[in-house]
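S.K.: Provided herewith: coords.pdb, PDB, C-alpha atoms.
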ATOM      1  CA  MET W   1     -52.798  78.443 105.747  1.00  0.00           C
ATOM      2  CA  SER W   2     -54.393  79.673 108.960  1.00  0.00           C
ATOM      3  CA  ARG W   3     -57.263  78.562 111.148  1.00  0.00           C
ATOM      4  CA  ASP W   4     -58.168  80.661 114.157  1.00  0.00           C
ATOM      5  CA  CYS W   5     -59.959  79.100 117.089  1.00  0.00           C
ATOM      6  CA  ALA W   6     -61.367  81.193 119.913  1.00  0.00           C
ATOM      7  CA  ASP W   7     -59.360  79.333 122.548  1.00  0.00           C
ATOM      8  CA  ARG W   8     -56.232  78.433 120.600  1.00  0.00           C
ATOM      9  CA  PRO W   9     -54.980  80.374 117.579  1.00  0.00           C
ATOM     10  CA  PHE W  10     -53.348  78.207 114.942  1.00  0.00           C
ATOM     11  CA  SER W  11     -51.360  79.493 112.019  1.00  0.00           C
ATOM     12  CA  THR W  12     -49.031  77.644 109.687  1.00  0.00           C
ATOM     13  CA  VAL W  13     -46.859  78.656 106.741  1.00  0.00           C
ATOM     14  CA  LEU W  14     -46.589  76.155 103.899  1.00  0.00           C
ATOM     15  CA  LEU W  15     -43.576  76.070 101.575  1.00  0.00           C
ATOM     16  CA  SER W  16     -42.565  73.565  98.954  1.00  0.00           C
ATOM     17  CA  ASP W  17     -40.043  72.683  96.272  1.00  0.00           C
ATOM     18  CA  LEU W  18     -37.186  74.925  97.353  1.00  0.00           C
ATOM     19  CA  HIS W  19     -34.706  72.782  95.365  1.00  0.00           C
ATOM     20  CA  LEU W  20     -31.755  74.307  97.190  1.00  0.00           C
ATOM     21  CA  THR W  21     -28.295  73.767  95.693  1.00  0.00           C
ATOM     22  CA  ASP W  22     -24.780  75.110  96.195  1.00  0.00           C
ATOM     23  CA  SER W  23     -24.556  76.304  92.589  1.00  0.00           C
ATOM     24  CA  ALA W  24     -23.866  80.007  91.976  1.00  0.00           C
ATOM     25  CA  ARG W  25     -26.639  79.872  89.370  1.00  0.00           C
ATOM     26  CA  ASP W  26     -29.159  79.070  92.106  1.00  0.00           C
ATOM     27  CA  ALA W  27     -27.845  81.450  94.753  1.00  0.00           C
ATOM     28  CA  TYR W  28     -31.037  83.533  94.536  1.00  0.00           C
ATOM     29  CA  ARG W  29     -32.980  80.697  96.156  1.00  0.00           C
ATOM     30  CA  TRP W  30     -31.284  81.242  99.520  1.00  0.00           C
ATOM     31  CA  GLU W  31     -32.698  84.760  99.689  1.00  0.00           C
ATOM     32  CA  LEU W  32     -35.960  83.091 100.676  1.00  0.00           C
ATOM     33  CA  PHE W  33     -34.798  82.612 104.281  1.00  0.00           C
ATOM     34  CA  PRO W  34     -34.152  86.239 105.321  1.00  0.00           C
ATOM     35  CA  TRP W  35     -37.338  87.238 103.456  1.00  0.00           C
ATOM     36  CA  LEU W  36     -39.323  84.551 105.295  1.00  0.00           C
ATOM     37  CA  LEU W  37     -37.853  85.486 108.677  1.00  0.00           C
ATOM     38  CA  ASN W  38     -38.876  89.094 108.132  1.00  0.00           C
ATOM     39  CA  LEU W  39     -42.374  87.982 107.088  1.00  0.00           C
ATOM     40  CA  LEU W  40     -42.794  85.823 110.194  1.00  0.00           C
ATOM     41  CA  ARG W  41     -41.582  88.533 112.527  1.00  0.00           C
ATOM     42  CA  LYS W  42     -43.894  91.163 111.048  1.00  0.00           C
ATOM     43  CA  SER W  43     -46.972  88.966 110.818  1.00  0.00           C
ATOM     44  CA  PRO W  44     -50.008  90.600 112.482  1.00  0.00           C
ATOM     45  CA  PHE W  45     -50.839  87.207 114.036  1.00  0.00           C
ATOM     46  CA  PRO W  46     -48.385  84.673 115.498  1.00  0.00           C
ATOM     47  CA  ILE W  47     -47.044  81.977 113.178  1.00  0.00           C
ATOM     48  CA  HIS W  48     -46.428  78.840 115.192  1.00  0.00           C
ATOM     49  CA  PHE W  49     -45.620  76.215 112.577  1.00  0.00           C
ATOM     50  CA  LEU W  50     -43.779  75.826 109.275  1.00  0.00           C
ATOM     51  CA  CYS W  51     -44.309  72.904 106.890  1.00  0.00           C
ATOM     52  CA  LEU W  52     -41.935  72.182 103.996  1.00  0.00           C
ATOM     53  CA  LEU W  53     -43.833  69.970 101.573  1.00  0.00           C
ATOM     54  CA  GLY W  54     -40.918  68.163  99.939  1.00  0.00           C
ATOM     55  CA  ASP W  55     -37.955  68.718  97.617  1.00  0.00           C
ATOM     56  CA  THR W  56     -36.119  70.956 100.058  1.00  0.00           C
ATOM     57  CA  THR W  57     -32.960  70.255  98.059  1.00  0.00           C
ATOM     58  CA  ASP W  58     -32.413  69.223  94.474  1.00  0.00           C
ATOM     59  CA  SER W  59     -29.722  66.585  94.067  1.00  0.00           C
ATOM     60  CA  LYS W  60     -31.111  63.560  95.931  1.00  0.00           C
ATOM     61  CA  ASP W  61     -28.091  61.980  97.692  1.00  0.00           C
ATOM     62  CA  PHE W  62     -25.362  64.141  96.205  1.00  0.00           C
ATOM     63  CA  HIS W  63     -24.732  67.147  98.465  1.00  0.00           C
ATOM     64  CA  SER W  64     -21.594  69.020  99.438  1.00  0.00           C
ATOM     65  CA  SER W  65     -20.725  69.766 103.064  1.00  0.00           C
ATOM     66  CA  ARG W  66     -21.251  73.441 102.250  1.00  0.00           C
ATOM     67  CA  LEU W  67     -24.853  72.802 101.184  1.00  0.00           C
ATOM     68  CA  VAL W  68     -25.672  70.535 104.129  1.00  0.00           C
ATOM     69  CA  ASN W  69     -24.341  73.005 106.681  1.00  0.00           C
ATOM     70  CA  ARG W  70     -26.111  75.867 104.984  1.00  0.00           C
ATOM     71  CA  VAL W  71     -29.457  74.038 105.136  1.00  0.00           C
ATOM     72  CA  VAL W  72     -29.004  73.290 108.850  1.00  0.00           C
ATOM     73  CA  ASP W  73     -27.956  76.875 109.602  1.00  0.00           C
ATOM     74  CA  ALA W  74     -30.893  78.310 107.646  1.00  0.00           C
ATOM     75  CA  LEU W  75     -33.437  76.152 109.487  1.00  0.00           C
ATOM     76  CA  THR W  76     -32.032  76.668 112.985  1.00  0.00           C
ATOM     77  CA  ASN W  77     -31.721  80.433 112.461  1.00  0.00           C
ATOM     78  CA  LEU W  78     -35.284  80.592 111.163  1.00  0.00           C
ATOM     79  CA  ILE W  79     -36.672  78.611 114.111  1.00  0.00           C
ATOM     80  CA  ALA W  80     -34.832  80.714 116.673  1.00  0.00           C
ATOM     81  CA  GLY W  81     -35.417  84.052 114.952  1.00  0.00           C
ATOM     82  CA  ALA W  82     -39.142  83.529 114.355  1.00  0.00           C
ATOM     83  CA  GLY W  83     -39.905  81.674 117.581  1.00  0.00           C
ATOM     84  CA  LEU W  84     -41.484  78.736 115.742  1.00  0.00           C
ATOM     85  CA  LYS W  85     -42.904  75.902 117.833  1.00  0.00           C
ATOM     86  CA  ARG W  86     -42.332  73.208 115.202  1.00  0.00           C
ATOM     87  CA  VAL W  87     -41.046  72.681 111.664  1.00  0.00           C
ATOM     88  CA  TYR W  88     -42.290  69.706 109.641  1.00  0.00           C
ATOM     89  CA  ILE W  89     -40.313  68.535 106.598  1.00  0.00           C
ATOM     90  CA  LEU W  90     -41.897  66.023 104.209  1.00  0.00           C
ATOM     91  CA  ARG W  91     -39.732  63.779 102.083  1.00  0.00           C
ATOM     92  CA  GLY W  92     -40.051  64.640  98.400  1.00  0.00           C
ATOM     93  CA  ASN W  93     -38.875  62.763  95.317  1.00  0.00           C
ATOM     94  CA  HIS W  94     -35.702  64.898  95.208  1.00  0.00           C
ATOM     95  CA  ASP W  95     -34.854  64.282  98.866  1.00  0.00           C
ATOM     96  CA  GLY W  96     -32.994  61.029  98.415  1.00  0.00           C
ATOM     97  CA  ILE W  97     -32.707  57.893  96.287  1.00  0.00           C
ATOM     98  CA  ASP W  98     -33.883  55.236  98.756  1.00  0.00           C
ATOM     99  CA  PRO W  99     -37.283  56.112 100.315  1.00  0.00           C
ATOM    100  CA  ASP W 100     -36.325  54.055 103.378  1.00  0.00           C
ATOM    101  CA  CYS W 101     -33.151  56.078 103.884  1.00  0.00           C
ATOM    102  CA  PRO W 102     -33.777  59.698 102.849  1.00  0.00           C
ATOM    103  CA  TYR W 103     -30.653  61.834 102.853  1.00  0.00           C
ATOM    104  CA  PHE W 104     -31.958  64.555 105.161  1.00  0.00           C
ATOM    105  CA  ARG W 105     -33.621  62.308 107.731  1.00  0.00           C
ATOM    106  CA  PHE W 106     -31.031  63.541 110.242  1.00  0.00           C
ATOM    107  CA  LEU W 107     -32.779  66.927 110.266  1.00  0.00           C
ATOM    108  CA  GLY W 108     -35.380  65.272 112.492  1.00  0.00           C
ATOM    109  CA  HIS W 109     -32.779  65.255 115.277  1.00  0.00           C
ATOM    110  CA  LEU W 110     -32.678  69.052 115.339  1.00  0.00           C
ATOM    111  CA  PRO W 111     -34.704  70.643 118.148  1.00  0.00           C
ATOM    112  CA  LEU W 112     -38.297  71.380 117.066  1.00  0.00           C
ATOM    113  CA  VAL W 113     -37.910  69.657 113.654  1.00  0.00           C
ATOM    114  CA  GLN W 114     -40.018  66.659 112.599  1.00  0.00           C
ATOM    115  CA  TYR W 115     -38.806  64.897 109.456  1.00  0.00           C
ATOM    116  CA  VAL W 116     -41.706  63.010 107.847  1.00  0.00           C
ATOM    117  CA  SER W 117     -40.616  60.048 105.727  1.00  0.00           C
ATOM    118  CA  THR W 118     -43.633  57.811 106.372  1.00  0.00           C
ATOM    119  CA  ILE W 119     -47.347  58.529 106.867  1.00  0.00           C
ATOM    120  CA  TRP W 120     -47.694  60.842 109.842  1.00  0.00           C
ATOM    121  CA  GLN W 121     -50.856  62.081 111.548  1.00  0.00           C
ATOM    122  CA  GLU W 122     -51.157  64.316 114.604  1.00  0.00           C
ATOM    123  CA  PRO W 123     -52.858  67.537 115.730  1.00  0.00           C
ATOM    124  CA  ILE W 124     -51.140  70.787 114.851  1.00  0.00           C
ATOM    125  CA  GLY W 125     -52.717  73.317 117.150  1.00  0.00           C
ATOM    126  CA  SER W 126     -56.339  72.179 117.226  1.00  0.00           C
ATOM    127  CA  THR W 127     -56.314  70.812 113.659  1.00  0.00           C
ATOM    128  CA  GLU W 128     -55.889  67.115 112.818  1.00  0.00           C
ATOM    129  CA  VAL W 129     -53.237  66.953 110.103  1.00  0.00           C
ATOM    130  CA  LEU W 130     -52.345  63.981 107.909  1.00  0.00           C
ATOM    131  CA  MET W 131     -48.946  64.123 106.180  1.00  0.00           C
ATOM    132  CA  LEU W 132     -48.087  62.017 103.144  1.00  0.00           C
ATOM    133  CA  PRO W 133     -44.476  62.046 101.913  1.00  0.00           C
ATOM    134  CA  HIS W 134     -43.668  61.184  98.313  1.00  0.00           C
ATOM    135  CA  THR W 135     -44.258  57.626  97.135  1.00  0.00           C
ATOM    136  CA  ARG W 136     -44.234  55.940  93.751  1.00  0.00           C
ATOM    137  CA  GLN W 137     -46.976  53.585  94.972  1.00  0.00           C
ATOM    138  CA  PRO W 138     -49.681  55.731  96.574  1.00  0.00           C
ATOM    139  CA  LYS W 139     -52.371  53.084  96.104  1.00  0.00           C
ATOM    140  CA  GLU W 140     -50.390  50.625  98.210  1.00  0.00           C
ATOM    141  CA  ASP W 141     -48.572  52.984 100.577  1.00  0.00           C
ATOM    142  CA  TRP W 142     -51.587  55.155 101.469  1.00  0.00           C
ATOM    143  CA  GLN W 143     -53.944  52.279 102.317  1.00  0.00           C
ATOM    144  CA  CYS W 144     -53.673  52.981 106.036  1.00  0.00           C
ATOM    145  CA  ALA W 145     -54.002  56.776 105.678  1.00  0.00           C
ATOM    146  CA  ASP W 146     -57.034  58.115 107.552  1.00  0.00           C
ATOM    147  CA  PHE W 147     -58.420  60.671 105.107  1.00  0.00           C
ATOM    148  CA  LEU W 148     -61.800  60.798 106.851  1.00  0.00           C
ATOM    149  CA  ASP W 149     -60.583  61.993 110.254  1.00  0.00           C
ATOM    150  CA  ALA W 150     -58.089  64.535 108.936  1.00  0.00           C
ATOM    151  CA  ASN W 151     -58.952  68.240 108.732  1.00  0.00           C
ATOM    152  CA  VAL W 152     -55.911  69.006 106.590  1.00  0.00           C
ATOM    153  CA  VAL W 153     -53.830  66.742 104.333  1.00  0.00           C
ATOM    154  CA  LEU W 154     -50.277  67.807 103.476  1.00  0.00           C
ATOM    155  CA  MET W 155     -48.478  65.799 100.805  1.00  0.00           C
ATOM    156  CA  HIS W 156     -45.883  65.665  98.053  1.00  0.00           C
ATOM    157  CA  ALA W 157     -47.595  64.122  95.058  1.00  0.00           C
ATOM    158  CA  THR W 158     -48.772  64.751  91.523  1.00  0.00           C
ATOM    159  CA  VAL W 159     -52.498  64.322  90.995  1.00  0.00           C
ATOM    160  CA  LYS W 160     -54.126  63.662  87.657  1.00  0.00           C
ATOM    161  CA  GLY W 161     -55.019  66.915  85.900  1.00  0.00           C
ATOM    162  CA  ALA W 162     -52.387  69.165  87.493  1.00  0.00           C
ATOM    163  CA  VAL W 163     -50.536  71.427  85.040  1.00  0.00           C
ATOM    164  CA  ALA W 164     -46.733  71.755  84.881  1.00  0.00           C
ATOM    165  CA  GLU W 165     -44.776  74.952  84.191  1.00  0.00           C
ATOM    166  CA  ASN W 166     -44.590  74.005  80.497  1.00  0.00           C
ATOM    167  CA  ASP W 167     -48.437  73.801  80.383  1.00  0.00           C
ATOM    168  CA  MET W 168     -48.361  70.016  80.106  1.00  0.00           C
ATOM    169  CA  VAL W 169     -51.301  68.304  81.819  1.00  0.00           C
ATOM    170  CA  LEU W 170     -49.883  65.705  84.195  1.00  0.00           C
ATOM    171  CA  ASP W 171     -50.949  62.191  85.042  1.00  0.00           C
ATOM    172  CA  GLY W 172     -50.817  60.948  88.610  1.00  0.00           C
ATOM    173  CA  VAL W 173     -52.972  60.051  91.595  1.00  0.00           C
ATOM    174  CA  HIS W 174     -56.625  59.846  90.586  1.00  0.00           C
ATOM    175  CA  GLN W 175     -58.982  62.275  92.335  1.00  0.00           C
ATOM    176  CA  GLY W 176     -61.219  59.363  93.267  1.00  0.00           C
ATOM    177  CA  PHE W 177     -58.620  58.408  95.833  1.00  0.00           C
ATOM    178  CA  PHE W 178     -59.809  61.279  98.051  1.00  0.00           C
ATOM    179  CA  VAL W 179     -63.563  60.737  97.711  1.00  0.00           C
ATOM    180  CA  GLY W 180     -65.365  61.117 101.030  1.00  0.00           C
ATOM    181  CA  SER W 181     -62.708  63.261 102.676  1.00  0.00           C
ATOM    182  CA  ARG W 182     -63.701  66.731 103.844  1.00  0.00           C
ATOM    183  CA  ALA W 183     -60.116  67.728 104.485  1.00  0.00           C
ATOM    184  CA  ASP W 184     -58.322  70.636 102.866  1.00  0.00           C
ATOM    185  CA  PHE W 185     -55.529  69.230 100.657  1.00  0.00           C
ATOM    186  CA  TYR W 186     -52.210  71.028 100.108  1.00  0.00           C
ATOM    187  CA  SER W 187     -49.367  69.558  98.103  1.00  0.00           C
ATOM    188  CA  GLY W 188     -45.881  70.049  96.808  1.00  0.00           C
ATOM    189  CA  ASP W 189     -44.283  68.466  93.714  1.00  0.00           C
ATOM    190  CA  VAL W 190     -45.933  70.590  91.007  1.00  0.00           C
ATOM    191  CA  HIS W 191     -44.180  73.957  90.883  1.00  0.00           C
ATOM    192  CA  VAL W 192     -47.057  76.084  89.584  1.00  0.00           C
ATOM    193  CA  PRO W 193     -49.548  77.301  92.233  1.00  0.00           C
ATOM    194  CA  GLN W 194     -52.971  75.963  91.265  1.00  0.00           C
ATOM    195  CA  ARG W 195     -55.967  73.938  92.343  1.00  0.00           C
ATOM    196  CA  ALA W 196     -56.363  70.501  90.777  1.00  0.00           C
ATOM    197  CA  GLY W 197     -59.619  68.943  91.951  1.00  0.00           C
ATOM    198  CA  LYS W 198     -59.437  68.783  95.740  1.00  0.00           C
ATOM    199  CA  VAL W 199     -55.725  69.533  95.863  1.00  0.00           C
ATOM    200  CA  ASN W 200     -54.224  73.001  96.313  1.00  0.00           C
ATOM    201  CA  TYR W 201     -50.656  73.202  95.010  1.00  0.00           C
ATOM    202  CA  VAL W 202     -48.497  75.534  97.067  1.00  0.00           C
ATOM    203  CA  GLY W 203     -46.050  75.956  94.184  1.00  0.00           C
ATOM    204  CA  ALA W 204     -42.366  76.809  94.301  1.00  0.00           C
ATOM    205  CA  PRO W 205     -41.598  80.244  95.789  1.00  0.00           C
ATOM    206  CA  TYR W 206     -39.473  81.226  92.782  1.00  0.00           C
ATOM    207  CA  PRO W 207     -38.996  80.084  89.160  1.00  0.00           C
ATOM    208  CA  ILE W 208     -37.538  76.592  88.821  1.00  0.00           C
ATOM    209  CA  HIS W 209     -36.951  74.988  85.444  1.00  0.00           C
ATOM    210  CA  PHE W 210     -35.408  71.660  84.493  1.00  0.00           C
TER     211      PHE W 210
END
Just dump the structure as C-alpha cells.
M.R.:
Amino acid sequence: MSRDCADRPFSTVLLSDLHLTDSARDAYRWELFPWLLNLLRKSPFPIHFLCLLGDTTDSKDFHSSRLVNRVVDALTNLIAGAGLKRVYILRGNHDGIDPDCPYFRFLGHLPLVQYVSTIWQEPIGSTEVLMLPHTRQPKEDWQCADFLDANVVLMHATVKGAVAENDMVLDGVHQGFFVGSRADFYSGDVHVPQRAGKVNYVGAPYPIHF
C-alpha cells in the first residue's frame, strides 16, 4: 500500500498471517525476513512503515524461548536494516488465548514497535489509519470505531463472503457494518489474497494449511 503526497511521501508494507513456528517443517517461513529486507532496501521509493495484520505466530500462548528470541531478532534486524520509522503489529486470533493479555504484547516495548491489542487510530504519514485487532464480538467491540474519519482501515477479521484456501465461502462480519465509510480496507485472517466486498485480504505470503 502506498500513497504519495507532494509534501510528505508515505509508503507502507502490509503483511499478515506469518504463522511463525519453531518446527523444522515450517522453517521456510523464516526466509521471508531476508527477502523482505532486500525488498525494502531496493525499493525505488522509501518504505517508512510496516504493518503486520495479525497471526504473527501460530501457537497462541505456547512458544519456546528459541521462537520468541527469533521473532524479536527478526523484527529488530528488519527495523535497523531497512531504516523503518515504525512497525505496527495487530493482535490476531492466533496471537494469544486471552484477548486482554496477548502473548506478544511485550513487543510493544521494543523501539519503534507499536503492538495493537485494542482499537487504535492515528495518522501514519498524512493518512488517518484505523486499526482493528481480532475480536469475536465485532458488533460490540467496534462500536466506538470511527470508520467515517479513517482513510485506511487495517484489521484482522473474516468478513461474510470471503473464500478460504479450500474454496469454502466463509461467514463473518456483515458488509453492512462498513456502510458509509470511504476508507480503503485491508485485512488479515483469510490466507488467500482476494477482495471481499470492501475488504482487501492481504493473504499469507506463503502456503499455510491446517
S.K.: For this structure, which residues satisfy the selection - the PyMOL selection byres ((chain W and resi 15-17) around 8) - when it is evaluated on the file as given? I want them as an MDAnalysis selection string.
M.R.: chainID W and resid 13:14 18:19 50:57 187:189 191 202:205
S.K.: Report, in Å with one decimal, the straight-line distance from CA of Val87 in chain W to CA of Tyr115 in chain W.
M.R.: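 Between these atoms lies a distance of 8.4 Å.
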S.K.: Counting all atoms listed in the file, which residue out of W:Gln137, W:Thr76, W:Ser59, W:Thr127 sits closest to Pro102 in chain W?
M.R.: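 Checking each of W:Gln137, W:Thr76, W:Ser59, W:Thr127 against Pro102 in chain W, counting all atoms listed in the file, the winner is W:Ser59.
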S.K.: Name the residues that the PyMOL selection byres ((chain W and resi 119-125) around 9) picks from the file above, as a VMD selection string, using the file's chain letters and numbers.
M.R.: chain W and resid 8 to 12 48 to 49 116 to 118 126 to 133 141 to 142 144 to 146 150
S.K.: Between W:Ala27, W:Ile89, W:Leu170, W:Ala162, which residue has the minimum interatomic distance to Tyr201 in chain W, considering all atoms listed in the file?
M.R.: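 Between W:Ala27, W:Ile89, W:Leu170, W:Ala162, the residue approaching Tyr201 in chain W most closely is W:Ala162.
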S.K.: With distances taken over all atoms listed in the file, which residue among W:His209, W:Arg29, W:His94, W:Arg182 lies nearest Ala157 in chain W?
M.R.: W:His94
S.K.: CA of Pro99 in chain W to CA of Asn151 in chain W: how many Å, to one decimal?
M.R.: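 Taking CA of Pro99 in chain W and CA of Asn151 in chain W, their separation equals 26.2 Å.
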S.K.: For the atom pair CA of Pro207 in chain W and CA of Asp167 in chain W, what is the interatomic distance in Å to one decimal place?
M.R.: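 Separating CA of Pro207 in chain W from CA of Asp167 in chain W is a distance of 14.3 Å.
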S.K.: Which residue out of W:Leu20, W:Val68, W:Leu32, W:Ala196 has the minimum interatomic distance to Gly172 in chain W when all atoms listed in the file are used?
M.R.: W:Ala196
S.K.: Which residues, written as a list in words, have at least one atom at most 8 Å from Leu112 in chain W, with only C-alpha atoms counted and residues fewer than 5 positions away on the same chain left out?
M.R.: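 Using only C-alpha atoms, the neighbours found are Ile79, Lys85, Arg86 and Val87 of chain W.
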S.K.: May I have the residues within 10 Å of Leu75 in chain W as an mmCIF file with C-alpha atoms, in the coordinates of the input, using only C-alpha atoms and disregarding those fewer than 2 positions away in the same chain?
M.R.:
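result_19.cif, written as the output of this step:
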data_model
loop_
_atom_site.group_PDB
_atom_site.id
_atom_site.type_symbol
_atom_site.label_atom_id
_atom_site.label_comp_id
_atom_site.auth_asym_id
_atom_site.auth_seq_id
_atom_site.Cartn_x
_atom_site.Cartn_y
_atom_site.Cartn_z
ATOM 1 C CA PHE W 33 -34.798 82.612 104.281
ATOM 2 C CA ARG W 70 -26.111 75.867 104.984
ATOM 3 C CA VAL W 71 -29.457 74.038 105.136
ATOM 4 C CA VAL W 72 -29.004 73.290 108.850
ATOM 5 C CA ASP W 73 -27.956 76.875 109.602
ATOM 6 C CA ASN W 77 -31.721 80.433 112.461
ATOM 7 C CA LEU W 78 -35.284 80.592 111.163
ATOM 8 C CA ILE W 79 -36.672 78.611 114.111
ATOM 9 C CA ALA W 80 -34.832 80.714 116.673
ATOM 10 C CA GLY W 81 -35.417 84.052 114.952
ATOM 11 C CA VAL W 87 -41.046 72.681 111.664
ATOM 12 C CA LEU W 107 -32.779 66.927 110.266
ATOM 13 C CA LEU W 110 -32.678 69.052 115.339
ATOM 14 C CA VAL W 113 -37.910 69.657 113.654
#
S.K.: Write out as a list of chain:residue names the residues lying within 7 Å of Val173 in chain W, counting only C-alpha atoms and excluding same-chain residues fewer than 4 positions away.
M.R.: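 What passes the distance filter is W:Thr158, W:Val159, W:Lys160.
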S.K.: Okay, now the selection with C-alpha atoms, as a PDB file, in the coordinates of the input?
M.R.:
ATOM      1  CA  THR W 158     -48.772  64.751  91.523  1.00  0.00           C
ATOM      2  CA  VAL W 159     -52.498  64.322  90.995  1.00  0.00           C
ATOM      3  CA  LYS W 160     -54.126  63.662  87.657  1.00  0.00           C
TER       4      LYS W 160
END
S.K.: Please return the centre and edge lengths, in Å to one decimal, of a box with edges along x, y and z that contains all listed atoms of range 70-88 of chain W, widened by 5 Å on every side, as AutoDock Vina command-line options.
M.R.:
--center_x -34.5 --center_y 76.9 --center_z 111.4 --size_x 26.8 --size_y 24.3 --size_z 22.8
S.K.: Here is a test: counting only C-alpha atoms, which residue of W:Asn38, W:Lys139, W:Ile47, W:Ser64 is nearest to Asp22 in chain W?
M.R.: W:Ser64
